[in-house]
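Next comes entry22.txt, a file with compact mmCIF, C-alpha atoms.
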```
# COMPACT_ATOMS: atom_id res chain seq x y z
CA MET A 1 5.44 4.99 -46.57
CA LYS A 2 5.61 1.74 -44.76
CA TYR A 3 7.81 0.97 -41.87
CA ARG A 4 7.89 -1.41 -38.98
CA PHE A 5 8.82 -0.93 -35.43
CA LEU A 6 11.80 -2.65 -33.97
CA ILE A 7 10.37 -4.04 -30.79
CA VAL A 8 12.88 -3.75 -28.10
CA LEU A 9 12.48 -6.08 -25.18
CA VAL A 10 12.98 -4.00 -22.15
CA ILE A 11 12.06 -6.21 -19.25
CA LEU A 12 13.92 -4.95 -16.28
CA LEU A 13 11.50 -3.65 -13.68
CA THR A 14 9.56 -5.06 -10.81
CA ALA A 15 11.84 -7.82 -9.53
CA CYS A 16 14.77 -5.41 -9.42
CA SER A 17 13.24 -3.15 -6.81
CA SER A 18 13.34 -4.34 -3.23
CA ASP A 19 11.01 -3.14 -0.52
CA PRO A 20 12.31 -0.29 1.60
CA SER A 21 12.95 -1.06 5.24
CA CYS A 22 10.58 0.10 7.96
CA GLU A 23 11.73 3.47 9.25
CA GLN A 24 9.07 4.55 11.69
CA ASN A 25 7.80 3.74 15.17
CA THR A 26 6.15 0.33 15.26
CA GLU A 27 5.09 0.18 18.92
CA SER A 28 2.44 2.37 20.50
CA LEU A 29 3.71 3.90 23.73
CA LEU A 30 2.00 5.83 26.50
CA ARG A 31 3.82 9.10 27.02
CA ILE A 32 4.02 10.70 30.45
CA ASP A 33 5.66 14.10 30.89
CA LEU A 34 7.02 15.09 34.28
CA TYR A 35 6.23 18.44 35.93
CA ASP A 36 6.99 20.21 39.18
CA TYR A 37 3.86 20.20 41.33
CA GLU A 38 4.60 23.66 42.72
CA THR A 39 5.81 25.64 39.72
CA LYS A 40 3.90 23.56 37.11
CA ALA A 41 7.03 23.70 34.94
CA ALA A 42 8.62 20.70 33.25
CA LYS A 43 10.91 18.90 35.63
CA GLU A 44 13.50 16.24 34.90
CA ALA A 45 13.78 13.19 37.12
CA GLU A 46 17.28 12.97 38.50
CA GLU A 47 17.09 9.18 38.72
CA LEU A 48 14.20 7.24 37.20
CA THR A 49 13.37 3.54 37.40
CA VAL A 50 10.25 2.08 35.78
CA TYR A 51 9.02 -1.48 35.27
CA GLY A 52 5.80 -3.26 34.59
CA LEU A 53 3.99 -4.51 37.67
CA GLY A 54 5.15 -8.09 38.17
CA HIS A 55 8.12 -7.59 35.83
CA MET A 56 10.71 -6.23 38.22
CA ASP A 57 13.37 -8.27 36.45
CA SER A 58 12.74 -6.41 33.20
CA LEU A 59 13.29 -2.71 33.76
CA LEU A 60 12.02 -0.17 31.26
CA TYR A 61 14.10 2.59 32.83
CA ASP A 62 17.04 1.57 34.97
CA HIS A 63 18.19 4.44 37.16
CA SER A 64 18.06 6.70 34.12
CA LYS A 65 19.33 10.23 34.61
CA ASN A 66 17.61 13.48 33.73
CA GLU A 67 14.50 12.07 32.13
CA SER A 68 11.65 14.49 31.48
CA GLU A 69 9.32 12.05 29.75
CA ILE A 70 8.45 8.39 30.20
CA LEU A 71 7.36 6.13 27.34
CA LEU A 72 5.52 3.00 28.42
CA PRO A 73 4.30 -0.06 26.45
CA LEU A 74 0.75 -1.17 27.26
CA ASP A 75 -0.35 -4.79 27.30
CA PRO A 76 -2.48 -5.48 24.18
CA ALA A 77 -3.81 -8.72 25.66
CA ALA A 78 -5.26 -7.04 28.79
CA ARG A 79 -7.86 -4.41 29.58
CA GLY A 80 -5.46 -2.69 31.95
CA THR A 81 -1.74 -2.25 32.50
CA SER A 82 0.16 -1.25 35.63
CA PHE A 83 3.65 0.17 36.07
CA VAL A 84 5.86 0.95 39.03
CA ILE A 85 7.53 4.36 38.75
CA GLN A 86 10.39 5.29 41.06
CA ILE A 87 12.01 8.70 41.20
CA GLY A 88 14.70 8.87 43.84
CA ALA A 89 13.32 7.19 46.96
CA GLU A 90 9.65 7.77 46.11
CA THR A 91 7.48 5.23 44.32
CA ASP A 92 4.08 5.26 42.60
CA THR A 93 2.05 2.60 40.87
CA LEU A 94 0.34 3.78 37.70
CA ASN A 95 -2.80 1.87 36.67
CA VAL A 96 -4.14 2.42 33.17
CA ALA A 97 -7.44 0.98 31.94
CA HIS A 98 -7.55 0.76 28.16
CA SER A 99 -8.79 -1.03 25.09
CA SER A 100 -6.60 -2.11 22.21
CA SER A 101 -7.09 -2.64 18.49
CA LEU A 102 -4.95 -4.09 15.77
CA TYR A 103 -3.46 -1.48 13.44
CA TYR A 104 -1.92 -1.95 10.00
CA ILE A 105 1.01 0.42 9.62
CA SER A 106 2.31 -0.34 6.14
CA LYS A 107 3.51 -3.19 3.99
CA THR A 108 7.07 -2.98 5.27
CA CYS A 109 6.28 -2.17 8.91
CA GLY A 110 3.43 -4.65 9.27
CA TYR A 111 0.99 -4.61 12.15
CA SER A 112 0.95 -3.12 15.61
CA TYR A 113 -1.61 -2.27 18.29
CA VAL A 114 -3.06 1.11 19.16
CA PHE A 115 -4.83 1.86 22.42
CA LEU A 116 -7.60 4.01 23.80
CA MET A 117 -7.15 4.97 27.42
CA ASP A 118 -10.25 4.74 29.55
CA THR A 119 -9.00 5.83 32.96
CA ALA A 120 -5.70 6.15 34.75
CA TYR A 121 -4.76 6.70 38.37
CA LEU A 122 -1.71 6.73 40.59
CA THR A 123 -1.18 5.31 44.04
CA GLY A 124 1.89 5.83 46.21
CA SER A 125 4.10 8.54 47.63
CA LEU A 126 5.70 10.00 44.53
CA SER A 127 3.16 12.15 42.75
CA ASP A 128 1.01 15.05 43.78
CA SER A 129 -1.47 14.73 40.91
CA MET A 130 -1.86 13.83 37.27
CA VAL A 131 -3.83 15.08 34.29
CA ILE A 132 -4.88 13.02 31.28
CA ARG A 133 -4.16 15.09 28.17
CA ARG A 134 -4.87 12.62 25.38
CA LYS A 135 -6.55 9.23 25.41
CA ASP A 136 -5.31 7.93 22.06
CA ILE A 137 -2.09 6.00 22.47
CA ASP A 138 -0.49 5.37 19.12
CA LEU A 139 2.75 5.53 17.19
CA ASN A 140 3.09 9.30 17.43
CA TYR A 141 4.11 9.54 21.10
CA VAL A 142 2.08 12.65 21.79
CA GLN A 143 1.79 13.58 25.47
CA ASN A 144 -0.90 11.48 27.14
CA ILE A 145 -0.42 12.28 30.83
CA ARG A 146 1.10 15.06 32.85
CA LEU A 147 2.48 13.84 36.13
CA TYR A 148 3.10 16.46 38.84
CA TYR A 149 5.55 15.48 41.57
CA MET B 1 -3.04 13.45 -6.97
CA TYR B 2 -1.70 16.49 -8.83
CA LYS B 3 0.83 14.31 -10.68
CA ILE B 4 -1.94 11.93 -11.75
CA TYR B 5 -3.96 14.75 -13.29
CA VAL B 6 -0.87 16.07 -15.07
CA CYS B 7 -0.19 12.59 -16.44
CA ILE B 8 -3.72 12.07 -17.75
CA ILE B 9 -3.94 15.55 -19.25
CA SER B 10 -0.53 15.07 -20.90
CA LEU B 11 -1.71 11.86 -22.54
CA LEU B 12 -4.84 13.53 -23.85
CA ILE B 13 -2.83 16.47 -25.20
CA LEU B 14 -0.45 13.99 -26.82
CA ALA B 15 -3.36 12.25 -28.52
CA ALA B 16 -5.19 15.38 -29.69
CA PRO B 17 -2.93 16.71 -32.51
CA ALA B 18 -2.68 13.29 -34.12
CA SER B 19 -6.44 12.90 -34.38
CA ALA B 20 -6.88 16.36 -35.89
CA GLN B 21 -4.78 15.56 -38.93
CA GLN B 22 -6.13 12.09 -39.66
CA ASP B 23 -8.94 10.81 -41.77
CA SER B 24 -11.39 8.38 -40.38
CA LEU B 25 -10.85 4.69 -40.94
CA PHE B 26 -12.95 1.80 -39.84
CA LEU B 27 -11.03 -1.39 -39.34
CA GLU B 28 -13.03 -4.21 -37.95
CA ASP B 29 -10.16 -6.13 -36.48
CA LEU B 30 -10.46 -7.94 -33.20
CA ARG B 31 -7.32 -9.03 -31.38
CA ILE B 32 -7.02 -11.35 -28.45
CA GLY B 33 -3.83 -10.98 -26.47
CA PHE B 34 -2.04 -12.80 -23.69
CA ASP B 35 0.24 -11.04 -21.23
CA LEU B 36 3.63 -12.73 -20.94
CA VAL B 37 4.80 -10.79 -17.87
CA PRO B 38 2.90 -12.91 -15.28
CA LEU B 39 4.57 -15.98 -16.78
CA LEU B 40 7.95 -14.36 -16.39
CA GLU B 41 7.14 -13.39 -12.81
CA GLN B 42 6.28 -16.98 -11.96
CA PHE B 43 9.47 -18.14 -13.63
CA ILE B 44 11.66 -15.82 -11.53
CA GLY B 45 9.81 -16.73 -8.33
CA ASP B 46 8.00 -13.47 -7.77
CA GLU B 47 5.38 -13.13 -5.02
CA THR B 48 2.64 -12.84 -7.63
CA ASN B 49 0.86 -15.46 -9.72
CA GLY B 50 -1.80 -15.11 -12.34
CA PHE B 51 -2.65 -14.46 -15.94
CA GLU B 52 -4.10 -11.69 -18.04
CA LEU B 53 -5.97 -11.58 -21.36
CA ALA B 54 -6.87 -8.61 -23.53
CA LEU B 55 -9.39 -8.00 -26.30
CA ASP B 56 -9.08 -4.94 -28.49
CA LEU B 57 -11.16 -3.83 -31.42
CA ASP B 58 -10.18 -1.21 -33.98
CA LEU B 59 -12.67 1.60 -34.27
CA VAL B 60 -12.90 4.84 -36.21
CA ASP B 61 -10.24 7.55 -36.09
CA ASN B 62 -7.46 5.26 -34.92
CA TYR B 63 -9.18 4.39 -31.68
CA GLN B 64 -9.32 0.93 -30.18
CA VAL B 65 -11.72 -0.14 -27.50
CA VAL B 66 -9.99 -2.46 -25.06
CA LEU B 67 -11.29 -5.01 -22.58
CA GLU B 68 -8.78 -6.70 -20.31
CA GLY B 69 -9.26 -9.21 -17.56
CA GLY B 70 -7.47 -11.78 -15.53
CA TYR B 71 -6.73 -13.37 -12.23
CA GLY B 72 -3.99 -12.67 -9.74
CA SER B 73 -2.78 -13.95 -6.42
CA TYR B 74 -0.12 -12.65 -4.12
CA GLN B 75 1.66 -13.85 -1.01
CA TYR B 76 3.88 -11.77 1.19
CA SER B 77 5.61 -12.41 4.46
CA GLN B 78 8.02 -10.48 6.56
CA TYR B 79 9.13 -10.50 10.17
CA ASN B 80 5.78 -9.87 11.82
CA TYR B 81 3.02 -10.91 9.44
CA GLU B 82 2.00 -13.08 6.51
CA TYR B 83 -0.51 -11.85 3.98
CA GLN B 84 -2.25 -13.41 1.00
CA THR B 85 -4.75 -12.21 -1.53
CA SER B 86 -6.35 -13.55 -4.69
CA GLY B 87 -8.95 -12.23 -7.03
CA SER B 88 -10.05 -11.22 -10.50
CA PHE B 89 -10.10 -7.94 -12.35
CA LEU B 90 -11.51 -6.26 -15.43
CA ARG B 91 -10.40 -3.14 -17.24
CA LEU B 92 -12.36 -1.33 -19.92
CA GLY B 93 -10.99 1.61 -21.87
CA PHE B 94 -9.59 2.85 -25.12
CA ASP B 95 -6.30 3.33 -26.90
CA LYS B 96 -5.55 6.04 -29.40
CA ASN B 97 -3.08 5.13 -32.13
CA LEU B 98 -0.82 8.13 -32.55
CA LEU B 99 0.40 7.02 -35.99
CA LYS B 100 -1.31 8.28 -39.12
CA PRO B 101 -3.95 5.79 -40.27
CA GLU B 102 -2.35 5.34 -43.68
CA VAL B 103 0.82 3.99 -42.04
CA ASN B 104 0.28 0.23 -42.03
CA PRO B 105 -3.32 0.44 -40.87
CA GLY B 106 -4.17 -2.31 -38.45
CA ARG B 107 -0.54 -3.37 -38.19
CA ASP B 108 1.52 -0.79 -36.32
CA TYR B 109 0.44 1.03 -33.24
CA LEU B 110 2.02 3.66 -31.08
CA PHE B 111 -0.71 4.27 -28.59
CA ALA B 112 -1.82 6.05 -25.46
CA GLY B 113 -4.97 5.20 -23.60
CA LEU B 114 -7.02 5.13 -20.45
CA ARG B 115 -8.59 2.27 -18.52
CA LEU B 116 -11.23 2.13 -15.85
CA GLY B 117 -10.77 -1.04 -13.85
CA VAL B 118 -12.32 -2.95 -11.04
CA SER B 119 -10.74 -5.65 -8.92
CA TRP B 120 -12.62 -7.95 -6.60
CA PHE B 121 -10.50 -10.02 -4.29
CA SER B 122 -10.36 -11.91 -1.01
CA HIS B 123 -7.51 -11.28 1.35
CA ALA B 124 -6.32 -11.83 4.89
CA ALA B 125 -3.32 -11.57 7.12
CA THR B 126 -2.96 -15.24 7.95
CA GLN B 127 -0.45 -14.70 10.72
CA ILE B 128 0.40 -11.61 12.72
CA THR B 129 2.98 -11.57 15.47
CA VAL B 130 3.43 -8.38 17.46
CA PRO B 131 6.37 -8.34 19.90
CA SER B 132 5.72 -6.60 23.20
CA TYR B 133 7.26 -6.03 26.62
CA TRP B 134 4.31 -8.01 27.97
CA GLY B 135 4.83 -10.97 25.67
CA GLU B 136 4.42 -11.69 22.00
CA GLN B 137 0.87 -11.40 20.68
CA SER B 138 -0.27 -13.65 17.84
CA THR B 139 -3.44 -13.09 15.86
CA THR B 140 -4.92 -13.10 12.35
CA THR B 141 -7.39 -11.02 10.41
CA PRO B 142 -10.56 -12.59 8.96
CA GLU B 143 -10.63 -13.27 5.25
CA VAL B 144 -12.77 -10.61 3.62
CA THR B 145 -13.86 -9.92 0.05
CA GLU B 146 -13.43 -6.41 -1.27
CA VAL B 147 -14.01 -4.42 -4.44
CA MET B 148 -11.54 -1.77 -5.58
CA PRO B 149 -12.09 0.50 -8.58
CA PHE B 150 -9.01 1.96 -10.20
CA LEU B 151 -7.90 4.09 -13.12
CA GLU B 152 -4.91 3.58 -15.39
CA ALA B 153 -3.15 5.65 -18.01
CA THR B 154 -1.21 3.59 -20.50
CA GLY B 155 1.10 3.94 -23.47
CA GLY B 156 3.06 1.53 -25.62
CA ILE B 157 3.63 -0.02 -29.01
CA ARG B 158 2.27 -3.03 -30.90
CA THR B 159 3.15 -4.41 -34.29
CA GLU B 160 2.28 -7.33 -36.54
CA VAL B 161 5.34 -9.60 -36.65
CA LEU B 162 3.75 -12.51 -38.53
CA LYS B 163 0.46 -12.67 -40.34
CA ASN B 164 -2.20 -11.99 -37.71
CA ILE B 165 0.35 -12.32 -34.87
CA TYR B 166 1.19 -9.20 -32.89
CA LEU B 167 3.78 -8.39 -30.25
CA GLY B 168 3.86 -5.28 -28.15
CA TRP B 169 4.41 -3.79 -24.77
CA ASN B 170 2.78 -1.11 -22.74
CA ALA B 171 3.60 0.69 -19.54
CA ARG B 172 0.95 1.82 -17.09
CA LEU B 173 0.38 4.27 -14.34
CA GLY B 174 -2.48 3.18 -12.15
CA PHE B 175 -4.05 4.46 -8.99
CA ASN B 176 -6.88 3.24 -6.83
CA LEU B 177 -10.13 5.14 -6.48
CA ARG B 178 -11.04 4.06 -2.97
CA LYS B 179 -9.42 5.11 0.26
CA LEU B 180 -7.50 2.21 1.76
CA ARG B 181 -8.33 2.99 5.38
CA LYS B 182 -12.02 2.30 4.65
CA PHE B 183 -11.29 -1.38 4.12
CA GLU B 184 -11.97 -3.86 6.90
CA VAL B 185 -8.49 -5.27 6.34
CA ILE B 186 -6.09 -2.95 4.55
CA PRO B 187 -5.02 -4.57 1.27
CA VAL B 188 -1.32 -4.94 0.56
CA TYR B 189 -1.77 -5.99 -3.07
CA ILE B 190 -4.69 -5.51 -5.45
CA PRO B 191 -5.01 -7.97 -8.36
CA GLY B 192 -4.92 -6.07 -11.64
CA LEU B 193 -3.46 -2.95 -10.09
CA GLY B 194 -0.49 -3.92 -7.95
CA GLN B 195 0.88 -2.72 -4.64
CA ALA B 196 -1.86 -1.01 -2.69
CA ASN B 197 0.31 1.22 -0.55
CA LYS B 198 1.82 3.12 -3.46
CA GLY B 199 0.18 6.34 -4.58
CA ILE B 200 0.82 5.47 -8.23
CA ASN B 201 1.50 1.97 -9.45
CA ILE B 202 3.82 1.47 -12.39
CA GLY B 203 3.04 -1.63 -14.41
CA PHE B 204 4.54 -3.25 -17.47
CA HIS B 205 2.86 -5.69 -19.85
CA TYR B 206 4.24 -7.56 -22.82
CA TYR B 207 1.51 -8.98 -25.02
CA ILE B 208 1.39 -11.56 -27.73
CA ALA B 209 -1.87 -11.26 -29.65
CA TYR B 210 -3.75 -12.94 -32.44
CA ARG B 211 -5.92 -10.98 -34.85
CA ILE B 212 -9.32 -12.38 -35.72
CA PRO B 213 -10.33 -10.78 -39.03
CA LEU B 214 -13.99 -9.87 -38.85
CA LYS B 215 -14.44 -9.08 -42.54
```
Would you give me this structure, written as C-alpha cells?
Amino acid sequence: MKYRFLIVLVILLTACSSDPSCEQNTESLLRIDLYDYETKAAKEAEELTVYGLGHMDSLLYDHSKNESEILLPLDPAARGTSFVIQIGAETDTLNVAHSSSLYYISKTCGYSYVFLMDTAYLTGSLSDSMVIRRKDIDLNYVQNIRLYY
Amino acid sequence: MYKIYVCIISLLILAAPASAQQDSLFLEDLRIGFDLVPLLEQFIGDETNGFELALDLDLVDNYQVVLEGGYGSYQYSQYNYEYQTSGSFLRLGFDKNLLKPEVNPGRDYLFAGLRLGVSWFSHAATQITVPSYWGEQSTTTPEVTEVMPFLEATGGIRTEVLKNIYLGWNARLGFNLRKLRKFEVIPVYIPGLGQANKGINIGFHYYIAYRIPLK
C-alpha cells in the first residue's frame, strides 16, 4: 500500500523564545561578620557607616541600623582595596590585598570579577581583632572575615 | 544527564521493533540536502548566520548513513558584554527509517537517528564592561579557537515531493561532550550545536534535498 506524508510546516521555535533575565548576584563582595570581642557571639552594629578610602562622598553604609554583616566591593583594577568602617564613634581602616580575575557567569548575566584575598589587616580604634575565614571572594557571599569589636 | 540517556534509549527502543519485522533492502540512493532554517533565521534577523548541507545514503535494513556539515556565526550583546563566534561543524551518524521497506522504498521516511558531531570555532568577548563602586572596568577576552564534540538524537520525516526532490524536517536534541569551564573563554554559542549554556539543545531543521541515483 502506497501513501504519502502530508508535510506540515511547523516553524515556530527559536525566535519565539526570549532569553531569561539575570536573576543572581553579579558582583563579588567581601563579607565581614561582626562579633563581640568578649563573648565571641555575633553582634549587631547599632549604627554603621562604611565607605571606600578616598570615597567619603559615596557611602556604602550610611548610618545603617542593626547590621550584623558588611558586604564590600573590591577594586578589580587594583591589587589592594581599603575601606573606612565606623561603628558609633569608633573607626577602623580595613586594608585588603587581593588579586582579581575575570569570571563568566552566564549568557544572560555576562561577566564579573572574582577575587582571591592575600592578606587583610585593620588599623584604628574600633576592632579588637579579626580572623580571615575564607580567601575566595565571589558571588556567593560566604563569610570571609570575622571582625571582633 | 539522566534525561539524555532516557532519550537515546527511547529512540533505540523505538527503532528496534521496526527492524525486526523488515526484510533487508539495499537502495543505493544518495541525497544531498540543504537546510532552509538558517536562511529563515537570517531573514527574521536572528543573531545567527550560516548554512548547512547534508548527505545521506540508503543502506541495508532501512538505515541511512548521514554526513552533515556547515558553517555558523553568532553575535550577541547585552548590557555588559558583546560576544561573537564563528566556525564550522561536521556530524556523522545514521538514521533508521521506521516505515516498512515495502512502503515507497526510497521515497518516504519516518526516521530516528543519532549523530556524533564536532564543532571547531573561534570566539571572543569583544567588549566587556563591569560596573563597580570603584569605577567601570572595560576589558576584552582574546580570540581563541576551540573544538567541541557533541552528540545529537534526531527524529523527523522526509518524502519525495517531485521526482528526485525531497522535503522533510527533523528535530534534534543535542548536548556537548566537553565541560564548558575547561575552555579558556567560555563559549556562549557553538556552531552546529547551538546555545552552549543549555544542558540540552533543541534544534529544528527543514531540508530540501536532491536524490542522485547511483544505479
Atom CA of A:Tyr113 to atom CA of A:Gln86, straight-line distance in Å
26.8 Å
Looking at all atoms listed in the file, which of A:Leu122, A:Ser129, A:Ile87, A:Asp136 is the one that sits closest to A:Ser101?
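The answer is A:Asp136, which sits nearest to A:Ser101.
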When you get a sec, could you note down which chain B residues fall within 7 Å of chain A, using only C-alpha atoms, as number ranges by chain?
B: 80-81, 103-104, 108, 130, 133-134, 159, 186, 188
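Each of B:Gly70, B:Pro105, B:Gly155, B:Pro213 was checked against B:Leu193 using all atoms listed in the file; the smallest atom-to-atom distance is that of B:Gly70.
Our summary of the geometry notes that atom CA of B:Gly168 is positioned 24.1 Å from atom CA of B:Ser119.
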When distances are computed from only C-alpha atoms, which of B:Met148, B:Leu214, B:Ala125, B:Ile208 shows the smallest separation from B:Tyr83?
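Closest to B:Tyr83 of all the choices is B:Ala125.
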Smallest atom-to-atom distance to B:Arg178: which of B:Asn197, B:Val161, B:Gly156, B:Phe150, using all atoms listed in the file?
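Residue with the minimum atom-to-atom distance to B:Arg178: B:Phe150.
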Taking (-4.8, -6.9, -7.3) in the file's coordinates, which residues come within 10 Å, counting only C-alpha atoms, written as a CSV table (one decimal) with C-alpha atoms, in the frame of the given file?
```csv
chain,number,residue,atom,x,y,z
B,48,THR,CA,2.6,-12.8,-7.6
B,70,GLY,CA,-7.5,-11.8,-15.5
B,71,TYR,CA,-6.7,-13.4,-12.2
B,72,GLY,CA,-4.0,-12.7,-9.7
B,73,SER,CA,-2.8,-14.0,-6.4
B,74,TYR,CA,-0.1,-12.6,-4.1
B,85,THR,CA,-4.8,-12.2,-1.5
B,86,SER,CA,-6.4,-13.6,-4.7
B,87,GLY,CA,-9.0,-12.2,-7.0
B,88,SER,CA,-10.0,-11.2,-10.5
B,89,PHE,CA,-10.1,-7.9,-12.4
B,118,VAL,CA,-12.3,-3.0,-11.0
B,119,SER,CA,-10.7,-5.6,-8.9
B,120,TRP,CA,-12.6,-8.0,-6.6
B,121,PHE,CA,-10.5,-10.0,-4.3
B,122,SER,CA,-10.4,-11.9,-1.0
B,147,VAL,CA,-14.0,-4.4,-4.4
B,148,MET,CA,-11.5,-1.8,-5.6
B,187,PRO,CA,-5.0,-4.6,1.3
B,188,VAL,CA,-1.3,-4.9,0.6
B,189,TYR,CA,-1.8,-6.0,-3.1
B,190,ILE,CA,-4.7,-5.5,-5.4
B,191,PRO,CA,-5.0,-8.0,-8.4
B,192,GLY,CA,-4.9,-6.1,-11.6
B,193,LEU,CA,-3.5,-3.0,-10.1
B,194,GLY,CA,-0.5,-3.9,-8.0
B,195,GLN,CA,0.9,-2.7,-4.6
B,196,ALA,CA,-1.9,-1.0,-2.7
```
With distances taken over only C-alpha atoms, which residue among A:Cys22, A:Leu30, A:Ala45, A:Arg134 lies nearest A:Leu94?
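Checking each candidate against A:Leu94, we get A:Leu30 as the closest.
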Expected axis-aligned box over every listed atom of stretch 130-144 of chain A, 4 Å added per side, centre plus edges in Å to one decimal, as JSON:
```
{"center_x": -1.2, "center_y": 10.2, "center_z": 27.2, "size_x": 18.7, "size_y": 17.7, "size_z": 28.1}
```
Env of B:Ile157: 8 Å cut, atoms = only C-alpha atoms, seq-sep filter 3 positions within chain, self excluded. Answer as a list in words.
Asp108, Tyr109, Leu110, Phe111, Gly168, Trp169 and Asn170 of chain B
I'd like the interatomic distance between atom CA of A:Arg146 and atom CA of A:Asn95, to a tenth of an Å.
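Pair atom CA of A:Arg146 / atom CA of A:Asn95 returns 14.3 Å.
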Closest to B:Gly69 among B:Gly33, B:Lys100, B:Gln84, B:Asp95, using only C-alpha atoms?
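Counting only C-alpha atoms, the residue closest to B:Gly69 is B:Gly33.
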